[in-house]
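Engineer: Following this line is my_file31.txt, made up of compact mmCIF, C-alpha atoms:
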# COMPACT_ATOMS: atom_id res chain seq x y z
CA MET A 1 102.04 41.81 162.35
CA ASN A 2 103.40 44.05 159.61
CA ILE A 3 100.45 43.06 157.43
CA LEU A 4 98.03 44.33 160.05
CA LYS A 5 99.98 47.58 160.48
CA ASN A 6 99.94 48.15 156.72
CA HIS A 7 96.19 47.50 156.67
CA VAL A 8 95.63 50.01 159.47
CA ASP A 9 97.85 52.60 157.74
CA ASN A 10 95.87 52.04 154.57
CA ILE A 11 92.43 52.62 156.10
CA PHE A 12 93.73 55.77 157.83
CA LYS A 13 95.55 57.12 154.78
CA SER A 14 92.95 59.83 153.99
CA TYR A 15 93.33 61.32 157.50
CA LYS A 16 95.96 63.77 158.58
CA GLU A 17 98.10 62.49 161.48
CA ASN A 18 97.06 64.07 164.78
CA LYS A 19 96.62 62.97 168.39
CA GLN A 20 93.10 61.53 167.89
CA ILE A 21 94.15 59.64 164.75
CA ARG A 22 97.31 58.24 166.41
CA GLU A 23 95.27 56.98 169.38
CA LEU A 24 92.65 55.46 167.10
CA LYS A 25 95.29 53.76 164.98
CA TYR A 26 96.87 52.27 168.08
CA GLU A 27 93.48 51.10 169.34
CA VAL A 28 92.43 49.55 166.01
CA LEU A 29 95.79 47.80 165.56
CA SER A 30 95.63 46.40 169.13
CA ASN A 31 92.10 45.11 168.49
CA LEU A 32 93.15 43.42 165.26
CA GLU A 33 96.20 41.84 166.89
CA ALA A 34 94.02 40.54 169.75
CA LYS A 35 91.55 39.17 167.24
CA VAL A 36 94.30 37.34 165.30
CA GLU A 37 95.68 35.93 168.55
CA ASP A 38 92.23 34.80 169.62
CA LEU A 39 91.54 33.12 166.26
CA THR A 40 94.92 31.36 166.13
CA ASN A 41 94.43 30.14 169.73
CA ASN A 42 91.19 28.56 168.52
CA GLY A 43 93.11 26.61 165.90
CA MET A 44 92.83 28.83 162.83
CA GLU A 45 95.78 29.20 160.43
CA TYR A 46 97.70 32.44 161.01
CA SER A 47 97.24 33.80 157.46
CA GLU A 48 93.53 32.98 157.53
CA ALA A 49 93.19 34.68 160.92
CA VAL A 50 94.90 37.80 159.59
CA ASN A 51 92.54 37.90 156.59
CA LYS A 52 89.54 37.45 158.85
CA ALA A 53 90.74 40.26 161.13
CA LYS A 54 91.36 42.55 158.14
CA GLU A 55 87.87 41.88 156.79
CA SER A 56 86.37 42.84 160.16
CA ILE A 57 87.56 46.46 159.78
CA THR A 58 87.63 47.97 156.29
CA SER A 59 86.67 51.54 157.18
CA ILE A 60 87.10 53.69 160.28
CA ASP A 61 85.07 56.67 159.03
CA TYR A 62 82.42 56.07 161.69
CA LEU A 63 85.08 56.27 164.44
CA ILE A 64 86.15 59.82 163.55
CA ASP A 65 84.17 62.52 165.38
CA GLU A 66 84.40 64.93 162.44
CA ASN A 67 82.82 62.46 160.03
CA LYS A 68 79.09 62.83 159.61
CA LYS A 69 77.04 60.07 158.12
CA VAL A 70 74.74 61.76 155.64
CA TYR A 71 72.17 60.89 153.02
CA VAL A 72 74.77 61.64 150.41
CA ASN A 73 72.56 61.78 147.31
CA LYS A 74 69.96 64.03 148.94
CA TYR A 75 72.88 66.22 150.04
CA LYS A 76 74.31 66.27 146.49
CA LEU A 77 70.93 67.08 144.95
CA GLU A 78 70.29 70.10 147.16
CA TYR A 79 73.90 71.24 146.87
CA ILE A 80 73.73 71.23 143.06
CA GLN A 81 70.35 72.99 143.19
CA ILE A 82 71.86 75.82 145.27
CA ILE A 83 74.92 76.04 142.99
CA LEU A 84 72.58 76.29 139.99
CA LEU A 85 70.59 79.05 141.69
CA TYR A 86 73.77 81.06 142.43
CA PHE A 87 75.04 80.70 138.86
CA ILE A 88 71.69 81.72 137.37
CA ILE A 89 71.64 84.84 139.56
CA ALA A 90 75.24 85.67 138.53
CA TRP A 91 74.34 85.07 134.87
CA ILE A 92 71.32 87.42 135.06
CA ILE A 93 73.32 90.13 136.87
CA THR A 94 75.99 90.06 134.15
CA ILE A 95 73.61 90.06 131.15
CA PRO A 96 73.50 93.91 130.91
CA ILE A 97 77.31 94.09 130.81
CA ARG A 98 77.40 91.95 127.64
CA ILE A 99 77.20 95.34 125.91
CA ILE A 100 80.64 96.31 127.17
CA GLY A 101 83.88 94.54 126.25
CA MET A 102 84.86 91.75 128.61
CA GLY A 103 81.32 91.58 130.07
CA PHE A 104 80.40 89.51 127.03
CA PHE A 105 83.08 86.94 127.88
CA LEU A 106 82.15 86.77 131.58
CA ASN A 107 78.43 86.41 130.89
CA THR A 108 79.00 83.71 128.25
CA ILE A 109 81.13 81.66 130.68
CA LEU A 110 78.41 81.92 133.34
CA PHE A 111 75.77 80.92 130.79
CA ILE A 112 77.77 77.79 129.85
CA CYS A 113 78.18 76.96 133.58
CA CYS A 114 74.40 77.33 134.09
CA ILE A 115 73.72 74.92 131.22
CA ILE A 116 76.21 72.30 132.52
CA ILE A 117 75.01 72.54 136.15
CA GLY A 118 71.38 72.62 134.97
CA ILE A 119 71.80 69.37 133.02
CA LYS A 120 73.50 67.71 136.00
CA TYR A 121 70.73 68.87 138.36
CA PHE A 122 67.99 67.75 135.97
CA LYS A 123 69.59 64.28 135.69
CA LEU A 124 69.82 63.90 139.48
CA ASN A 125 66.35 65.31 140.05
CA THR A 126 64.73 62.81 137.71
CA LYS A 127 66.05 59.85 139.75
CA ARG A 128 63.15 58.45 141.69
CA GLU A 129 64.52 55.22 143.22
CA TYR A 130 64.06 55.03 146.97
CA GLU A 131 67.43 53.27 147.45
CA TYR A 132 69.24 56.05 145.61
CA PHE A 133 68.10 58.74 148.03
CA GLU A 134 68.55 56.49 151.08
CA CYS A 135 72.23 55.89 150.21
CA LYS A 136 74.41 56.93 153.18
CA SER A 137 78.06 57.94 153.27
CA PHE A 138 80.54 59.76 155.50
CA ILE A 139 81.54 63.38 154.89
CA ASN A 140 84.16 65.15 156.98
CA ILE A 141 82.51 68.32 158.27
CA GLN A 142 85.78 69.72 159.59
CA PHE A 143 87.21 69.47 156.09
CA ALA A 144 84.13 71.27 154.71
CA PHE A 145 84.66 74.10 157.26
CA LYS A 146 88.33 74.29 156.28
CA LYS A 147 87.49 74.49 152.57
CA ARG A 148 84.98 77.23 153.32
CA LYS A 149 87.60 79.27 155.19
CA ILE A 150 90.21 78.82 152.45
CA ALA A 151 87.69 79.77 149.73
CA TRP A 152 86.88 83.06 151.52
CA ILE A 153 90.57 83.87 152.07
CA ILE A 154 91.42 83.20 148.41
CA TRP A 155 88.43 85.26 147.28
CA ILE A 156 89.40 88.25 149.44
CA LEU A 157 92.98 88.08 148.14
CA PHE A 158 91.67 87.84 144.57
CA ILE A 159 89.47 90.93 145.02
CA VAL A 160 92.34 92.93 146.54
CA PHE A 161 94.68 91.82 143.74
CA SER A 162 92.19 92.49 140.93
CA THR A 163 91.34 95.94 142.37
CA LEU A 164 95.03 96.86 142.51
CA LEU A 165 95.60 95.45 139.02
CA THR A 166 92.64 97.38 137.55
CA THR A 167 93.85 100.58 139.23
CA GLY A 168 97.35 99.97 137.87
CA VAL A 169 96.18 99.32 134.31
CA GLN A 170 93.57 102.08 134.34
CA PHE A 171 95.28 104.87 136.22
CA GLY A 172 98.92 103.73 136.62
CA SER A 173 100.37 106.35 134.28
CA ASN A 174 98.19 109.10 135.79
CA ILE A 175 99.47 108.22 139.26
CA TRP A 176 103.10 107.88 138.11
CA PHE A 177 103.18 111.17 136.17
CA SER A 178 100.74 112.96 138.57
CA ARG A 179 98.39 113.64 135.66
CA PRO A 180 94.68 114.25 136.31
CA VAL A 181 92.38 111.35 135.49
CA SER A 182 90.19 112.07 132.48
CA ILE A 183 87.12 109.99 131.66
CA SER A 184 85.71 111.24 128.37
CA GLY A 185 82.08 110.13 128.65
CA PRO A 186 79.44 107.94 130.31
CA TYR A 187 80.45 104.89 128.23
CA GLN A 188 84.07 105.18 129.40
CA PHE A 189 82.88 105.73 133.00
CA ALA A 190 80.71 102.61 132.75
CA GLN A 191 83.71 100.66 131.44
CA VAL A 192 85.82 101.70 134.45
CA ILE A 193 83.04 100.79 136.92
CA ILE A 194 82.48 97.42 135.25
CA ARG A 195 86.21 96.63 135.34
CA TYR A 196 86.17 97.24 139.11
CA LEU A 197 82.87 95.48 139.86
CA SER A 198 82.94 92.43 137.59
CA PRO A 199 85.45 90.43 139.74
CA ILE A 200 82.95 90.68 142.64
CA ILE A 201 80.67 88.25 140.79
CA SER A 202 83.19 85.54 141.72
CA ILE A 203 81.67 85.72 145.24
CA ILE A 204 79.49 82.80 144.13
CA ILE A 205 82.53 80.51 144.56
CA PRO A 206 83.04 81.09 148.34
CA LEU A 207 79.24 81.13 148.71
CA VAL A 208 79.10 77.63 147.19
CA PHE A 209 81.66 76.43 149.76
CA ASN A 210 79.70 78.24 152.46
CA VAL A 211 76.67 76.02 151.93
CA ALA A 212 78.42 72.64 152.32
CA PRO A 213 78.67 72.44 156.18
CA LYS A 214 75.02 73.53 156.59
CA LEU A 215 73.86 70.82 154.17
CA ILE A 216 76.02 68.17 155.85
CA LEU A 217 74.27 68.92 159.15
CA LYS A 218 70.86 69.05 157.46
CA TYR A 219 71.26 65.61 155.86
CA GLU A 220 73.10 63.93 158.75
CA VAL A 221 71.60 60.53 159.50
CA GLY A 222 69.97 60.68 162.93
CA GLU A 223 69.89 57.79 165.43
CA ASP A 224 66.22 57.16 164.66
CA ASP A 225 66.98 56.97 160.94
CA GLU A 226 69.75 54.45 161.60
CA ASN A 227 67.22 52.14 163.19
CA MET B 1 62.15 74.35 150.46
CA MET B 2 63.60 72.53 147.46
CA LYS B 3 60.32 72.84 145.56
CA THR B 4 60.22 76.58 146.24
CA ARG B 5 63.82 76.85 145.09
CA ASN B 6 62.93 74.94 141.91
CA ARG B 7 60.18 77.46 141.18
CA ILE B 8 62.63 80.33 141.79
CA ILE B 9 65.14 78.72 139.41
CA VAL B 10 62.51 78.37 136.65
CA PHE B 11 61.30 81.93 137.23
CA LEU B 12 64.86 83.34 137.13
CA ALA B 13 65.71 81.26 134.04
CA ILE B 14 62.69 82.77 132.22
CA ILE B 15 63.71 86.30 133.28
CA GLY B 16 67.27 85.53 132.18
CA VAL B 17 66.22 84.28 128.75
CA VAL B 18 63.99 87.34 128.17
CA LEU B 19 66.72 89.75 129.33
CA PHE B 20 69.33 87.89 127.28
CA GLY B 21 67.12 88.10 124.17
CA LEU B 22 66.54 91.81 124.77
CA VAL B 23 70.25 92.60 125.18
CA GLN B 24 71.49 90.29 122.43
CA GLY B 25 68.68 90.83 119.94
CA VAL B 26 67.82 94.50 120.43
CA ILE B 27 70.32 96.55 122.43
CA ILE B 28 73.60 95.16 121.02
CA PRO B 29 72.52 95.39 117.31
CA LYS B 30 71.26 98.95 117.98
CA ASN B 31 74.60 99.85 119.61
CA ASN B 32 76.55 98.31 116.74
CA GLN B 33 74.47 100.28 114.26
CA LYS B 34 75.11 103.49 116.23
CA ASN B 35 78.86 102.74 116.32
CA ASN B 36 78.95 102.05 112.58
CA GLU B 37 77.07 105.29 111.90
CA TYR B 38 79.54 107.15 114.13
CA ILE B 39 82.51 105.60 112.30
CA THR B 40 80.96 106.57 108.95
CA ARG B 41 80.36 110.13 110.21
CA GLN B 42 83.97 110.31 111.38
CA GLN B 43 85.08 109.47 107.82
CA LYS B 44 83.43 112.59 106.41
CA PRO B 45 84.94 116.05 107.06
CA THR B 46 81.46 117.60 107.08
CA THR B 47 80.19 115.31 109.87
CA HIS B 48 83.40 114.59 111.79
CA ASP B 49 83.08 115.08 115.55
CA LEU B 50 85.56 117.74 116.68
CA ASN B 51 85.17 116.72 120.34
CA SER B 52 86.75 113.36 119.57
CA VAL B 53 90.08 115.03 118.69
CA LEU B 54 90.26 117.88 121.20
CA LYS B 55 92.21 115.60 123.56
CA TYR B 56 95.11 115.72 121.09
CA LYS B 57 95.67 119.46 121.64
CA ASN B 58 99.39 119.86 122.20
CA LYS B 59 101.98 122.62 122.11
CA TYR B 60 104.59 120.50 120.38
CA MET B 61 104.56 118.52 117.14
CA GLY B 62 107.43 116.34 118.44
CA ASN B 63 104.97 114.23 120.45
CA SER B 64 104.75 111.47 117.86
CA SER B 65 102.12 109.30 119.56
CA ASN B 66 99.85 112.33 119.88
CA ILE B 67 100.09 113.29 116.22
CA THR B 68 99.78 109.66 115.06
CA ASN B 69 96.67 109.09 117.19
CA LEU B 70 95.21 112.36 115.92
CA PHE B 71 95.47 111.33 112.25
CA HIS B 72 94.02 107.93 113.09
CA THR B 73 90.80 109.64 114.23
CA LEU B 74 90.52 112.00 111.23
CA PRO B 75 88.99 111.36 107.78
CA LEU B 76 91.11 109.05 105.56
CA ASN B 77 91.94 106.97 108.68
CA ASN B 78 90.58 103.94 106.82
CA ILE B 79 93.58 104.12 104.49
CA GLN B 80 96.79 102.45 105.60
CA MET B 81 99.37 105.08 106.57
CA TYR B 82 102.66 105.67 108.33
CA PHE B 83 104.27 108.81 109.72
CA GLU B 84 107.56 110.65 109.59
CA LEU B 85 108.34 113.70 111.71
CA PHE B 86 110.95 116.36 110.95
CA PRO B 87 111.17 118.25 114.25
CA ASP B 88 114.01 120.50 113.04
CA LYS B 89 111.69 121.86 110.30
CA LEU B 90 108.51 121.43 112.42
CA ILE B 91 107.01 119.34 109.63
CA ALA B 92 104.94 116.14 109.86
CA GLN B 93 104.71 113.75 106.94
CA VAL B 94 101.75 111.42 106.46
CA ASN B 95 102.35 108.63 103.95
CA TYR B 96 99.14 107.05 102.64
CA LYS B 97 99.59 103.74 100.87
CA ASP B 98 96.79 104.25 98.30
CA THR B 99 96.69 106.37 95.15
CA ILE B 100 94.69 109.59 95.03
CA GLU B 101 92.59 108.26 92.11
CA LYS B 102 91.67 105.12 93.96
CA ILE B 103 90.37 107.13 96.92
CA ASN B 104 88.78 109.85 94.69
CA GLU B 105 90.47 113.22 94.15
CA ASN B 106 87.58 115.38 95.44
CA LYS B 107 87.33 113.28 98.58
CA VAL B 108 91.10 113.54 99.11
CA ASN B 109 91.10 117.32 98.68
CA GLN B 110 88.18 117.81 101.05
CA ALA B 111 89.77 115.50 103.65
CA LEU B 112 93.22 117.10 103.42
CA ILE B 113 91.82 120.60 103.87
CA TYR B 114 89.91 119.40 106.93
CA ASN B 115 92.76 117.34 108.39
CA SER B 116 95.27 120.17 107.93
CA THR B 117 92.93 122.66 109.61
CA VAL B 118 92.45 120.30 112.57
CA ALA B 119 96.17 119.54 112.90
CA PHE B 120 97.29 123.20 112.74
CA ALA B 121 94.51 124.28 115.12
CA LEU B 122 95.43 121.64 117.68
CA ILE B 123 99.23 121.44 117.48
CA ASP B 124 100.70 124.86 118.18
CA ASN B 125 104.20 124.61 116.70
CA LEU B 126 103.38 122.47 113.65
CA GLN B 127 104.39 124.55 110.63
CA GLY B 128 103.83 122.18 107.72
CA ILE B 129 102.35 118.83 106.69
CA ASN B 130 103.44 116.70 103.75
CA TYR B 131 100.82 114.27 102.47
CA ASN B 132 102.29 111.53 100.32
CA PHE B 133 100.19 109.08 98.31
CA ALA B 134 101.35 106.17 96.17
CA ASN B 135 101.29 108.39 93.07
CA GLY B 136 102.05 111.93 94.29
CA GLY B 137 101.38 114.23 97.16
CA TYR B 138 100.71 117.68 98.65
CA LYS B 139 102.45 120.12 100.93
CA VAL B 140 100.46 122.31 103.30
CA GLN B 141 101.90 125.29 105.19
CA ARG B 142 100.41 126.74 108.37
CA SER B 143 100.84 130.26 106.97
CA ASP B 144 98.66 129.44 103.91
CA VAL B 145 95.92 127.88 106.03
CA LYS B 146 95.97 130.80 108.47
CA LYS B 147 95.78 133.25 105.53
CA TRP B 148 92.84 131.32 104.05
CA TYR B 149 90.76 131.52 107.23
CA GLY B 150 92.01 135.00 108.07
CA LYS B 151 92.29 134.33 111.79
CA ASP B 152 94.24 132.46 114.40
CA LEU B 153 93.53 128.76 113.75
CA SER B 154 93.07 127.78 117.40
CA SER B 155 90.17 130.26 117.59
CA LEU B 156 88.27 127.95 115.19
CA LEU B 157 88.06 125.27 117.85
CA GLU B 158 84.74 126.59 119.18
CA LYS B 159 81.80 124.30 118.34
CA ASP B 160 79.76 126.81 116.29
CA GLU B 161 82.80 128.47 114.75
CA TRP B 162 84.08 125.07 113.64
CA ARG B 163 80.77 124.05 112.11
CA ASN B 164 80.20 127.37 110.29
CA GLU B 165 83.75 128.25 109.22
CA VAL B 166 85.13 124.79 108.49
CA GLN B 167 82.60 121.98 108.12
CA GLU B 168 79.64 123.77 106.47
CA LYS B 169 81.88 125.39 103.88
CA LEU B 170 83.40 122.05 102.90
CA LYS B 171 79.97 121.02 101.57
CA ASP B 172 80.48 123.43 98.66
CA ASN B 173 82.58 122.02 95.77
CA GLU B 174 83.55 125.46 94.51
CA TYR B 175 84.87 126.36 97.96
CA ILE B 176 86.87 123.11 98.01
CA ASN B 177 88.41 123.90 94.60
CA LYS B 178 89.42 127.42 95.64
CA CYS B 179 90.79 126.23 98.97
CA THR B 180 92.69 123.39 97.28
CA LYS B 181 94.41 125.89 95.01
CA ALA B 182 95.22 128.18 97.94
CA ILE B 183 96.61 125.72 100.45
CA LEU B 184 97.37 122.33 98.86
CA LYS B 185 100.62 122.61 96.94
CA LYS B 186 101.35 119.64 94.69
CA GLN B 187 104.74 118.05 95.30
Would you mind writing the structure in this file as structure tokens?
Structural biologist:
Amino acid sequence: MNILKNHVDNIFKSYKENKQIRELKYEVLSNLEAKVEDLTNNGMEYSEAVNKAKESITSIDYLIDENKKVYVNKYKLEYIQIILLYFIIAWIITIPIRIIGMGFFLNTILFICCIIIGIKYFKLNTKREYEYFECKSFINIQFAFKKRKIAWIIWILFIVFSTLLTTGVQFGSNIWFSRPVSISGPYQFAQVIIRYLSPIISIIIPLVFNVAPKLILKYEVGEDDEN
Amino acid sequence: MMKTRNRIIVFLAIIGVVLFGLVQGVIIPKNNQKNNEYITRQQKPTTHDLNSVLKYKNKYMGNSSNITNLFHTLPLNNIQMYFELFPDKLIAQVNYKDTIEKINENKVNQALIYNSTVAFALIDNLQGINYNFANGGYKVQRSDVKKWYGKDLSSLLEKDEWRNEVQEKLKDNEYINKCTKAILKKQ
């Protein structure tokens, strides 16, 4: 029976232990044990019965409420399209700041990202096979919501940290020695503004995570589609 | 929806490429040219921008970073140099690593007159500057410079006054020769 328990543990390994998972595990294991008992009662060898029972359940994704069966390649295609759109917008916004110091670096990175994502999107978009777009798979929507929340929290912390850091680097000595802040010209003023505003462009990262749950629901396989 | 988004992506990509070309091919080269012209102007005493050094105005010569930064924005800043300060004598020493001949004697004289005038006008208690080169040097005293201009040196720091009394006059070689004899003492 240890073999069956290991099998059940294995198919549940990507799920965090909670009440629903524990109950499901118990239920699946009981079903498998009953199946083995039934098969052995009908004259089958024990090891063969165990293998047969194991083969009957290889995935439990469809049993988990949070798992949505989606047209995974359609989902991927639209997701990459949206990511590409966000990166192109960020790239265009940062083009004018190429003139000033680190703006050049930021804009070049975004340009490289656009090229890489663009190639990936183009490759996916040129696939025309019916089977490819009809391919279905399970995606955990709860996990997508969690990732979205974490992405926003990290982004807010990053913005607070980078604002404090910029203030420290830019005006730290003025604050410490109570000296008035002096900005000698429009170029220097623009540099200060850009140092404060450029981290905000990283908002595209939480926005990318924001899209995932909506797309999961959009491409969820309906009952009619299943038939 | 996806088709519309595709059109938006193509449209934005075209805008991006045009904007990128404009910034990279027109604005940045123009800016670089402007910066190079500014750096060249800053090398010449007759075109040096006084506003760029007014922030170094200080009562005391003992502030070494202030005086070092000042000389790094004055003519001859393209020549490697290091500084020594003698606060007990209120003297600053600038050691250039090139020879006077290599830089050109007229250019050196013109630059040292200008640099000394700026330094004395901006740093109130600086009484003397020693300029050392690889093959000789000059000493400049505040009293000699003040006598040459015939007025308090800080009063020269007005835009028009500076242009007329300091920069315009340094265009005349005869003026430079006379001034060199009056204020630059060979060491």
Engineer: Rank A:Cys114, A:Leu84, A:Val28, A:Leu39 by their smallest atom-to-atom distance to Ile8 (chain B), using all atoms listed in the file, and report the top residue only.
Structural biologist: A:Leu84
Engineer: Which distance in Å separates CA of Lys76 (chain A) and CA of Gly118 (chain A), to one decimal?
Structural biologist: 13.5 Å
Engineer: Show me, as a PyMOL selection string, every residue of chain A with an atom at most 12 Å from chain B, counting all atoms listed in the file.
Structural biologist: chain A and resi 74-75+77-101+104+107-108+110-111+114-115+118+121-122+125+182-185+187
Engineer: Which of these, B:Lys34, B:Lys169, B:Arg163, B:Arg142, has the shortest distance to Asn125 (chain B) once you count all atoms listed in the file?
Structural biologist: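 Among B:Lys34, B:Lys169, B:Arg163, B:Arg142, it is B:Arg142 that comes nearest to Asn125 (chain B).
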Engineer: Please determine the residues with any atom at most 6 Å from (98.9, 113.7, 93.7) (coordinates as given in the file, with only C-alpha atoms counting) and report them as a ChimeraX atom specification.
Structural biologist: /B:135-137
Engineer: Store the residues of this selection in a file with C-alpha atoms, as a short mmCIF file (atom, residue, chain, number, x, y, z; two decimals), in the frame of the given file.
Structural biologist:
data_model
loop_
_atom_site.label_atom_id
_atom_site.label_comp_id
_atom_site.auth_asym_id
_atom_site.auth_seq_id
_atom_site.Cartn_x
_atom_site.Cartn_y
_atom_site.Cartn_z
CA ASN B 135 101.29 108.39 93.07
CA GLY B 136 102.05 111.93 94.29
CA GLY B 137 101.38 114.23 97.16
#
Engineer: Quick one: everything within 12 Å of Thr40 (chain B), counting all atoms listed in the file, minus sequence neighbours fewer than 2 positions away in the same chain. Send it as an NGL selection string.
Structural biologist: :B and (33-38 or 42-49 or 73-78)
Engineer: In Å, how far is it from CA of Val8 (chain A) to CA of Gly222 (chain A)?
Structural biologist: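 Spanning CA of Val8 (chain A) to CA of Gly222 (chain A) is a straight-line distance of 28.0 Å.
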Engineer: So that I can check the surroundings of region 171-182 of chain B, please list as a VMD selection string every protein, DNA and RNA residue that reaches within 9 Å of it, counting only C-alpha atoms and ignoring chain neighbours fewer than 3 positions away.
Structural biologist: chain B and resid 45 to 46 106 109 to 110 112 to 113 144 to 145 148 167 to 168 185
Engineer: Which residue gives the smallest distance to Asn95 (chain B) among B:Val166, B:Leu156, B:Ile183, B:Ala134, with all atoms listed in the file counted?
Structural biologist: B:Ala134
Engineer: How far is it from CA of Glu23 (chain A) to CA of Ala49 (chain A), in Å with one decimal?
Structural biologist: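 The value is 23.9 Å.
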Engineer: Using all atoms listed in the file for the distances, tell me which of A:Leu124, A:Met102, A:Leu29, A:Leu207 is nearest to Lys149 (chain A).
Structural biologist: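 With all atoms listed in the file as the atom set, the closest residue is A:Leu207.
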Engineer: Reconstruct region 131-150 of chain B at the level of N, CA and C atoms, and format the result as a compact mmCIF listing (two decimals), in the frame of the given file.
Structural biologist:
# COMPACT_ATOMS: atom_id res chain seq x y z
N TYR B 131 101.68 115.45 102.67
CA TYR B 131 100.82 114.27 102.47
C TYR B 131 101.35 113.52 101.25
N ASN B 132 101.81 112.33 101.45
CA ASN B 132 102.29 111.53 100.32
C ASN B 132 101.30 110.40 100.03
N PHE B 133 101.02 110.22 98.75
CA PHE B 133 100.19 109.08 98.31
C PHE B 133 101.05 108.22 97.41
N ALA B 134 100.55 107.09 96.99
CA ALA B 134 101.35 106.17 96.17
C ALA B 134 101.76 106.79 94.84
N ASN B 135 100.97 107.81 94.38
CA ASN B 135 101.29 108.39 93.07
C ASN B 135 101.42 109.92 93.14
N GLY B 136 101.88 110.47 94.19
CA GLY B 136 102.05 111.93 94.29
C GLY B 136 101.76 112.42 95.69
N GLY B 137 101.66 113.74 95.82
CA GLY B 137 101.38 114.23 97.16
C GLY B 137 101.18 115.73 97.21
N TYR B 138 100.94 116.24 98.43
CA TYR B 138 100.71 117.68 98.65
C TYR B 138 101.52 118.15 99.85
N LYS B 139 101.82 119.48 99.77
CA LYS B 139 102.45 120.12 100.93
C LYS B 139 101.47 121.16 101.44
N VAL B 140 101.35 121.28 102.74
CA VAL B 140 100.46 122.31 103.30
C VAL B 140 101.24 123.10 104.34
N GLN B 141 101.19 124.42 104.24
CA GLN B 141 101.90 125.29 105.19
C GLN B 141 100.90 125.94 106.13
N ARG B 142 101.29 126.08 107.39
CA ARG B 142 100.41 126.74 108.37
C ARG B 142 100.07 128.16 107.89
N SER B 143 101.07 128.86 107.36
CA SER B 143 100.84 130.26 106.97
C SER B 143 99.72 130.36 105.92
N ASP B 144 99.70 129.41 104.96
CA ASP B 144 98.66 129.44 103.91
C ASP B 144 97.28 129.18 104.49
N VAL B 145 97.21 128.23 105.41
CA VAL B 145 95.92 127.88 106.03
C VAL B 145 95.41 129.05 106.86
N LYS B 146 96.34 129.66 107.61
CA LYS B 146 95.97 130.80 108.47
C LYS B 146 95.46 131.96 107.60
N LYS B 147 96.16 132.18 106.45
CA LYS B 147 95.78 133.25 105.53
C LYS B 147 94.38 132.96 104.96
N TRP B 148 94.13 131.71 104.64
CA TRP B 148 92.84 131.32 104.05
C TRP B 148 91.68 131.61 105.00
N TYR B 149 91.86 131.28 106.26
CA TYR B 149 90.76 131.52 107.23
C TYR B 149 90.76 132.96 107.75
N GLY B 150 91.91 133.60 107.64
CA GLY B 150 92.01 135.00 108.07
C GLY B 150 91.94 135.19 109.57
